[in-house]
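Engineer: Enclosed is the structure file coords32.cif (mmCIF, C-alpha atoms).
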```cif
data_coords
#
loop_
_atom_site.label_atom_id
_atom_site.label_comp_id
_atom_site.auth_asym_id
_atom_site.auth_seq_id
_atom_site.Cartn_x
_atom_site.Cartn_y
_atom_site.Cartn_z
CA MET A 293 -65.41 -28.21 -44.52
CA ALA A 294 -67.48 -26.17 -42.09
CA ILE A 295 -65.96 -25.33 -38.71
CA ARG A 296 -68.38 -24.70 -35.83
CA PHE A 297 -67.36 -22.51 -32.91
CA ASN A 298 -68.76 -19.87 -30.62
CA VAL A 299 -67.71 -16.21 -30.76
CA ASN A 300 -68.81 -13.88 -27.96
CA GLY A 301 -71.70 -16.16 -27.04
CA THR A 302 -72.97 -16.71 -30.60
CA SER A 303 -72.55 -19.97 -32.51
CA HIS A 304 -71.05 -19.73 -35.97
CA GLU A 305 -70.47 -22.21 -38.76
CA ILE A 306 -67.62 -21.02 -40.96
CA ASP A 307 -67.14 -22.61 -44.36
CA SER A 308 -63.62 -21.40 -45.13
CA ASP A 309 -60.30 -23.10 -45.72
CA PRO A 310 -59.51 -24.79 -42.37
CA GLU A 311 -56.04 -23.19 -42.44
CA THR A 312 -57.53 -19.66 -42.52
CA PRO A 313 -56.26 -17.66 -39.54
CA LEU A 314 -58.95 -16.81 -37.01
CA LEU A 315 -58.09 -13.11 -37.35
CA TYR A 316 -59.28 -13.08 -40.98
CA VAL A 317 -62.53 -14.82 -40.10
CA LEU A 318 -63.21 -12.42 -37.22
CA ARG A 319 -62.54 -9.31 -39.28
CA ASN A 320 -63.70 -10.31 -42.77
CA GLU A 321 -66.56 -12.73 -42.16
CA LEU A 322 -67.91 -11.76 -38.72
CA ALA A 323 -67.20 -7.98 -38.89
CA LEU A 324 -65.46 -8.05 -35.49
CA ASN A 325 -62.63 -5.56 -35.82
CA GLY A 326 -61.33 -5.44 -32.25
CA ALA A 327 -58.44 -7.81 -32.93
CA LYS A 328 -55.91 -5.99 -35.10
CA PHE A 329 -53.49 -7.18 -37.76
CA GLY A 330 -50.07 -6.15 -36.52
CA CYS A 331 -47.19 -8.34 -37.60
CA GLY A 332 -49.07 -11.38 -38.90
CA LEU A 333 -46.41 -13.57 -37.29
CA GLY A 334 -47.66 -13.86 -33.71
CA GLN A 335 -44.96 -11.54 -32.39
CA CYS A 336 -46.75 -8.31 -31.42
CA GLY A 337 -49.95 -9.38 -29.63
CA SER A 338 -52.31 -6.88 -31.30
CA CYS A 339 -54.46 -9.78 -32.55
CA THR A 340 -54.89 -11.39 -29.11
CA VAL A 341 -58.28 -12.93 -28.33
CA MET A 342 -59.30 -15.58 -25.82
CA VAL A 343 -59.97 -19.18 -26.78
CA ASP A 344 -61.65 -21.10 -24.00
CA GLY A 345 -60.53 -18.38 -21.58
CA LYS A 346 -56.85 -18.43 -22.56
CA ALA A 347 -55.04 -15.72 -24.51
CA ALA A 348 -54.46 -16.75 -28.13
CA LEU A 349 -52.90 -15.05 -31.14
CA SER A 350 -55.61 -14.99 -33.79
CA CYS A 351 -53.22 -14.21 -36.65
CA ILE A 352 -51.55 -17.61 -36.32
CA THR A 353 -54.47 -19.70 -35.03
CA PRO A 354 -56.07 -21.64 -37.90
CA ILE A 355 -59.82 -22.05 -37.59
CA LEU A 356 -59.46 -25.84 -37.83
CA LEU A 357 -58.29 -25.76 -34.19
CA LEU A 358 -61.47 -24.04 -33.05
CA GLU A 359 -64.11 -26.71 -33.67
CA GLY A 360 -66.46 -26.66 -30.68
CA ARG A 361 -64.47 -24.01 -28.82
CA ALA A 362 -65.38 -20.59 -27.43
CA VAL A 363 -63.69 -17.43 -28.69
CA THR A 364 -63.96 -14.08 -26.93
CA THR A 365 -62.91 -10.86 -28.62
CA ALA A 366 -62.71 -7.32 -27.24
CA GLU A 367 -66.29 -6.84 -28.44
CA GLY A 368 -67.33 -9.67 -26.13
CA LEU A 369 -66.13 -7.87 -23.00
CA GLY A 370 -69.02 -5.39 -23.03
CA THR A 371 -70.87 -2.85 -25.14
CA ILE A 372 -70.63 0.86 -25.79
CA ASP A 373 -73.59 1.43 -23.45
CA ASN A 374 -72.45 -1.12 -20.87
CA PRO A 375 -68.67 -1.59 -20.98
CA GLY A 376 -67.24 -4.50 -19.03
CA PRO A 377 -64.84 -3.91 -16.13
CA MET A 378 -61.73 -4.13 -18.31
CA GLN A 379 -63.11 -1.72 -20.90
CA ARG A 380 -64.38 0.67 -18.23
CA ALA A 381 -61.00 0.69 -16.48
CA PHE A 382 -59.16 1.51 -19.72
CA ILE A 383 -61.62 4.35 -20.38
CA GLU A 384 -61.36 5.73 -16.85
CA GLU A 385 -57.56 5.62 -16.88
CA GLN A 386 -57.39 6.98 -20.45
CA ALA A 387 -54.98 4.13 -21.15
CA ALA A 388 -55.15 4.26 -24.95
CA GLN A 389 -53.06 6.58 -27.07
CA CYS A 390 -53.45 5.37 -30.66
CA GLY A 391 -55.48 2.37 -29.43
CA TYR A 392 -54.10 -0.13 -31.92
CA CYS A 393 -52.57 -2.46 -29.34
CA ILE A 394 -55.19 -1.92 -26.63
CA PRO A 395 -57.71 -4.65 -27.61
CA GLY A 396 -54.93 -7.26 -27.56
CA ILE A 397 -53.61 -5.98 -24.24
CA MET A 398 -57.12 -5.97 -22.75
CA MET A 399 -57.70 -9.55 -23.88
CA ARG A 400 -54.41 -10.79 -22.45
CA ALA A 401 -55.12 -8.97 -19.16
CA GLN A 402 -58.69 -10.34 -19.09
CA ALA A 403 -57.40 -13.89 -19.54
CA LEU A 404 -54.86 -13.36 -16.74
CA LEU A 405 -57.39 -11.94 -14.29
CA GLN A 406 -59.94 -14.65 -15.04
CA GLU A 407 -57.30 -17.26 -14.26
CA ASN A 408 -55.70 -15.35 -11.38
CA PRO A 409 -58.03 -12.66 -9.95
CA SER A 410 -55.38 -11.50 -7.48
CA ALA A 411 -52.49 -11.19 -9.95
CA ASP A 412 -49.80 -8.89 -8.61
CA GLU A 413 -47.75 -6.27 -10.45
CA ARG A 414 -45.06 -8.76 -11.46
CA GLU A 415 -47.59 -11.24 -12.84
CA ILE A 416 -49.39 -8.51 -14.78
CA ARG A 417 -46.15 -7.19 -16.27
CA GLN A 418 -45.06 -10.72 -17.13
CA ALA A 419 -48.37 -11.47 -18.88
CA LEU A 420 -48.14 -8.24 -20.89
CA ASP A 421 -44.51 -8.73 -21.80
CA PHE A 422 -45.66 -10.30 -25.05
CA ASN A 423 -47.77 -7.34 -26.22
CA LEU A 424 -46.01 -4.49 -27.97
CA CYS A 425 -47.09 -0.86 -27.48
CA ARG A 426 -45.15 2.00 -29.02
CA CYS A 427 -47.22 4.89 -27.70
CA GLY A 428 -45.74 5.00 -24.23
CA THR A 429 -48.91 4.65 -22.16
CA HIS A 430 -47.51 1.71 -20.23
CA MET A 431 -48.11 3.23 -16.80
CA ARG A 432 -51.73 4.07 -17.68
CA ILE A 433 -52.20 0.56 -19.04
CA LEU A 434 -50.91 -0.93 -15.78
CA ARG A 435 -53.17 1.38 -13.73
CA ALA A 436 -56.14 0.37 -15.89
CA ILE A 437 -55.46 -3.33 -15.34
CA HIS A 438 -55.21 -2.84 -11.58
CA ARG A 439 -58.48 -0.87 -11.69
CA ALA A 440 -60.10 -3.64 -13.76
CA LYS A 441 -58.91 -6.18 -11.19
CA GLU A 442 -60.63 -4.17 -8.45
CA LEU A 443 -63.83 -3.81 -10.49
CA MET A 444 -63.88 -7.52 -11.26
CA GLN A 445 -63.32 -8.40 -7.59
CA GLN A 446 -66.14 -6.03 -6.56
CA ALA A 447 -68.48 -7.59 -9.12
CA SER A 448 -67.57 -11.07 -7.91
CA ALA A 449 -68.17 -10.09 -4.29
CA SER A 450 -71.57 -8.62 -5.19
CA THR A 451 -72.56 -11.77 -7.06
CA GLU A 452 -71.50 -13.96 -4.12
CA LYS A 453 -73.41 -11.73 -1.69
CA GLU A 454 -76.59 -11.93 -3.80
CA ALA A 455 -76.28 -15.72 -4.13
CA GLY A 456 -75.47 -16.24 -0.47
#
```
Would you mind giving the structure from this file in structure tokens?

Structural biologist:
Amino acid sequence: MAIRFNVNGTSHEIDSDPETPLLYVLRNELALNGAKFGCGLGQCGSCTVMVDGKAALSCITPILLLEGRAVTTAEGLGTIDNPGPMQRAFIEEQAAQCGYCIPGIMMRAQALLQENPSADEREIRQALDFNLCRCGTHMRILRAIHRAKELMQQASASTEKEAG
């Protein structure tokens, strides 16, 4: 049974067991390695992606639930030559130590800021409470998310100004 869904703006038809976790399809079939295998139980957040703009744990999301839906991975936030606001903020704040948890944290923060562009410190911390990081760069991560929020707001203001 083929499952059709969109990943980072590209349509895909995946002919795998419908119970296959999205993480395996992303990494093994689509060569998108941003989402990481951490615990495999949906408890660490390193596999976080966005499904229809909401944070989702790809290690426990079977592809059968994705028919006709849109998935965004860390690779979909920007490119090496043109990083998106979230990626740029993490680079500028040097928020990654080992980097294993960072794609999942970026995706959860991206989902939050798309839903609530003016999220405050408490809301950001609450959203990230689910993602585990053992490197101790928590303060840099928070600074990066606040910087990303500013960059996203500036981009939105520029777009509105050009349209207006």

Engineer: My list of candidates is A:Arg361, A:His430, A:Lys328, A:Arg439. Which is closest to Ile383 (chain A) when distances are computed with only C-alpha atoms?

Structural biologist: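 Closest to Ile383 (chain A) of all the choices is A:Arg439.
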
Engineer: From the list A:Ser338, A:Thr353, A:Gln418, A:Gln402, which residue is nearest Gly376 (chain A) when using only C-alpha atoms?

Structural biologist: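 Nearest candidate to Gly376 (chain A) out of A:Ser338, A:Thr353, A:Gln418, A:Gln402: A:Gln402.
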
Engineer: Hey, can you check how far CA of Gln335 (chain A) sits from CA of Phe422 (chain A)?

Structural biologist: 7.5 Å

Engineer: Find the spatial neighbours of Pro354 (chain A), counting only C-alpha atoms, within a cut-off of 12 Å - ignore same-chain residues fewer than 2 positions away - and output them as a PDB file with C-alpha atoms, keeping the file's coordinate frame.

Structural biologist:
```
ATOM      1  CA  ILE A 295     -65.960 -25.330 -38.710  1.00  0.00           C
ATOM      2  CA  ILE A 306     -67.620 -21.020 -40.960  1.00  0.00           C
ATOM      3  CA  SER A 308     -63.620 -21.400 -45.130  1.00  0.00           C
ATOM      4  CA  ASP A 309     -60.300 -23.100 -45.720  1.00  0.00           C
ATOM      5  CA  PRO A 310     -59.510 -24.790 -42.370  1.00  0.00           C
ATOM      6  CA  GLU A 311     -56.040 -23.190 -42.440  1.00  0.00           C
ATOM      7  CA  THR A 312     -57.530 -19.660 -42.520  1.00  0.00           C
ATOM      8  CA  PRO A 313     -56.260 -17.660 -39.540  1.00  0.00           C
ATOM      9  CA  LEU A 314     -58.950 -16.810 -37.010  1.00  0.00           C
ATOM     10  CA  LEU A 315     -58.090 -13.110 -37.350  1.00  0.00           C
ATOM     11  CA  TYR A 316     -59.280 -13.080 -40.980  1.00  0.00           C
ATOM     12  CA  VAL A 317     -62.530 -14.820 -40.100  1.00  0.00           C
ATOM     13  CA  LEU A 318     -63.210 -12.420 -37.220  1.00  0.00           C
ATOM     14  CA  ALA A 348     -54.460 -16.750 -28.130  1.00  0.00           C
ATOM     15  CA  LEU A 349     -52.900 -15.050 -31.140  1.00  0.00           C
ATOM     16  CA  SER A 350     -55.610 -14.990 -33.790  1.00  0.00           C
ATOM     17  CA  CYS A 351     -53.220 -14.210 -36.650  1.00  0.00           C
ATOM     18  CA  ILE A 352     -51.550 -17.610 -36.320  1.00  0.00           C
ATOM     19  CA  LEU A 356     -59.460 -25.840 -37.830  1.00  0.00           C
ATOM     20  CA  LEU A 357     -58.290 -25.760 -34.190  1.00  0.00           C
ATOM     21  CA  LEU A 358     -61.470 -24.040 -33.050  1.00  0.00           C
ATOM     22  CA  GLU A 359     -64.110 -26.710 -33.670  1.00  0.00           C
TER      23      GLU A 359
END
```

Engineer: So which residues touch region 444-453 of chain A within 8 Å, counting all atoms listed in the file, skipping near sequence neighbours fewer than 4 positions away, as number ranges by chain?

Structural biologist: A: 377, 409, 440

Engineer: Run through the PyMOL selection byres ((chain A and resi 388) around 10) on the given coordinates and return the selected residues as a VMD selection string.

Structural biologist: chain A and resid 382 to 383 385 to 387 389 to 395 425 427 to 430 432 to 433 436

Engineer: Hey, which of A:Glu384, A:Asp421, A:Glu413, A:Asp307 ends up closest to Arg400 (chain A)? Count all atoms listed in the file.

Structural biologist: A:Asp421

Engineer: I'd like the residues picked by the PyMOL selection byres ((chain A and resi 419) around 10) written out as a PDB file with C-alpha atoms, in the frame of the given file, using the chain letters and numbers from the file.

Structural biologist:
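Contents of the output file expr-v2.pdb:
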```
ATOM      1  CA  ALA A 347     -55.040 -15.720 -24.510  1.00  0.00           C
ATOM      2  CA  ILE A 397     -53.610  -5.980 -24.240  1.00  0.00           C
ATOM      3  CA  ARG A 400     -54.410 -10.790 -22.450  1.00  0.00           C
ATOM      4  CA  ALA A 401     -55.120  -8.970 -19.160  1.00  0.00           C
ATOM      5  CA  ALA A 403     -57.400 -13.890 -19.540  1.00  0.00           C
ATOM      6  CA  LEU A 404     -54.860 -13.360 -16.740  1.00  0.00           C
ATOM      7  CA  ALA A 411     -52.490 -11.190  -9.950  1.00  0.00           C
ATOM      8  CA  GLU A 413     -47.750  -6.270 -10.450  1.00  0.00           C
ATOM      9  CA  ARG A 414     -45.060  -8.760 -11.460  1.00  0.00           C
ATOM     10  CA  GLU A 415     -47.590 -11.240 -12.840  1.00  0.00           C
ATOM     11  CA  ILE A 416     -49.390  -8.510 -14.780  1.00  0.00           C
ATOM     12  CA  ARG A 417     -46.150  -7.190 -16.270  1.00  0.00           C
ATOM     13  CA  GLN A 418     -45.060 -10.720 -17.130  1.00  0.00           C
ATOM     14  CA  LEU A 420     -48.140  -8.240 -20.890  1.00  0.00           C
ATOM     15  CA  ASP A 421     -44.510  -8.730 -21.800  1.00  0.00           C
ATOM     16  CA  PHE A 422     -45.660 -10.300 -25.050  1.00  0.00           C
ATOM     17  CA  ASN A 423     -47.770  -7.340 -26.220  1.00  0.00           C
TER      18      ASN A 423
END
```

Engineer: Between CA of Thr302 (chain A) and CA of Ile355 (chain A), what distance in Å does the model show, to one decimal?

Structural biologist: 15.8 Å

Engineer: What does the structure give for the distance between CA of Val299 (chain A) and CA of Leu322 (chain A), in Å to one decimal?

Structural biologist: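 According to the coordinates, CA of Val299 (chain A) and CA of Leu322 (chain A) are separated by 9.1 Å.
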
Engineer: Ranking A:Ala366, A:Ala381, A:Cys339, A:Met293 by minimum distance to Glu442 (chain A) and counting all atoms listed in the file, which one comes first?

Structural biologist: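 Result for the nearest residue to Glu442 (chain A): A:Ala381.
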
Engineer: Could you expand the PyMOL selection byres ((chain A and resi 342) around 8) into the explicit residues it covers here, written as a VMD selection string?

Structural biologist: chain A and resid 340 to 341 343 to 348 363 to 365 399 to 400 403

Engineer: Between A:Cys336, A:Ala327, A:Ala362, A:Ala294, which is the closest to Met398 (chain A) once you count only C-alpha atoms?

Structural biologist: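 For Met398 (chain A), the nearest of the candidates is A:Ala327.
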
Engineer: Of the candidates A:Met431, A:Ala455, A:Leu324, A:Leu443, which one gets nearest to Pro375 (chain A) if we count only C-alpha atoms?

Structural biologist: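 Residue with the minimum atom-to-atom distance to Pro375 (chain A): A:Leu443.
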
Engineer: Reconstruct N, CA and C atoms of region 354-370 of chain A; output as a CSV table (one decimal), in the frame of the given file.

Structural biologist:
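result.csv written:
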```csv
chain,number,residue,atom,x,y,z
A,354,PRO,N,-55.2,-21.2,-36.8
A,354,PRO,CA,-56.1,-21.6,-37.9
A,354,PRO,C,-57.4,-22.0,-37.3
A,355,ILE,N,-58.5,-21.8,-38.1
A,355,ILE,CA,-59.8,-22.0,-37.6
A,355,ILE,C,-60.0,-23.5,-37.4
A,356,LEU,N,-59.3,-24.4,-38.0
A,356,LEU,CA,-59.5,-25.8,-37.8
A,356,LEU,C,-59.2,-26.2,-36.4
A,357,LEU,N,-58.5,-25.5,-35.6
A,357,LEU,CA,-58.3,-25.8,-34.2
A,357,LEU,C,-59.4,-25.3,-33.3
A,358,LEU,N,-60.4,-24.7,-33.9
A,358,LEU,CA,-61.5,-24.0,-33.0
A,358,LEU,C,-62.8,-24.8,-33.0
A,359,GLU,N,-62.9,-25.9,-33.7
A,359,GLU,CA,-64.1,-26.7,-33.7
A,359,GLU,C,-64.6,-26.9,-32.2
A,360,GLY,N,-65.8,-26.5,-32.0
A,360,GLY,CA,-66.5,-26.7,-30.7
A,360,GLY,C,-65.9,-25.8,-29.6
A,361,ARG,N,-65.1,-24.8,-29.9
A,361,ARG,CA,-64.5,-24.0,-28.8
A,361,ARG,C,-65.1,-22.6,-28.7
A,362,ALA,N,-64.8,-21.9,-27.7
A,362,ALA,CA,-65.4,-20.6,-27.4
A,362,ALA,C,-64.3,-19.5,-27.6
A,363,VAL,N,-64.6,-18.5,-28.4
A,363,VAL,CA,-63.7,-17.4,-28.7
A,363,VAL,C,-64.3,-16.2,-28.1
A,364,THR,N,-63.5,-15.4,-27.4
A,364,THR,CA,-64.0,-14.1,-26.9
A,364,THR,C,-63.0,-13.0,-27.5
A,365,THR,N,-63.7,-12.0,-28.1
A,365,THR,CA,-62.9,-10.9,-28.6
A,365,THR,C,-63.2,-9.6,-27.7
A,366,ALA,N,-62.5,-8.6,-28.0
A,366,ALA,CA,-62.7,-7.3,-27.2
A,366,ALA,C,-64.2,-6.9,-27.2
A,367,GLU,N,-64.9,-7.2,-28.4
A,367,GLU,CA,-66.3,-6.8,-28.4
A,367,GLU,C,-67.1,-7.7,-27.5
A,368,GLY,N,-66.6,-8.8,-27.1
A,368,GLY,CA,-67.3,-9.7,-26.1
A,368,GLY,C,-67.2,-9.3,-24.7
A,369,LEU,N,-66.3,-8.3,-24.4
A,369,LEU,CA,-66.1,-7.9,-23.0
A,369,LEU,C,-67.2,-6.9,-22.5
A,370,GLY,N,-68.0,-6.3,-23.4
A,370,GLY,CA,-69.0,-5.4,-23.0
A,370,GLY,C,-69.5,-4.6,-24.3
```
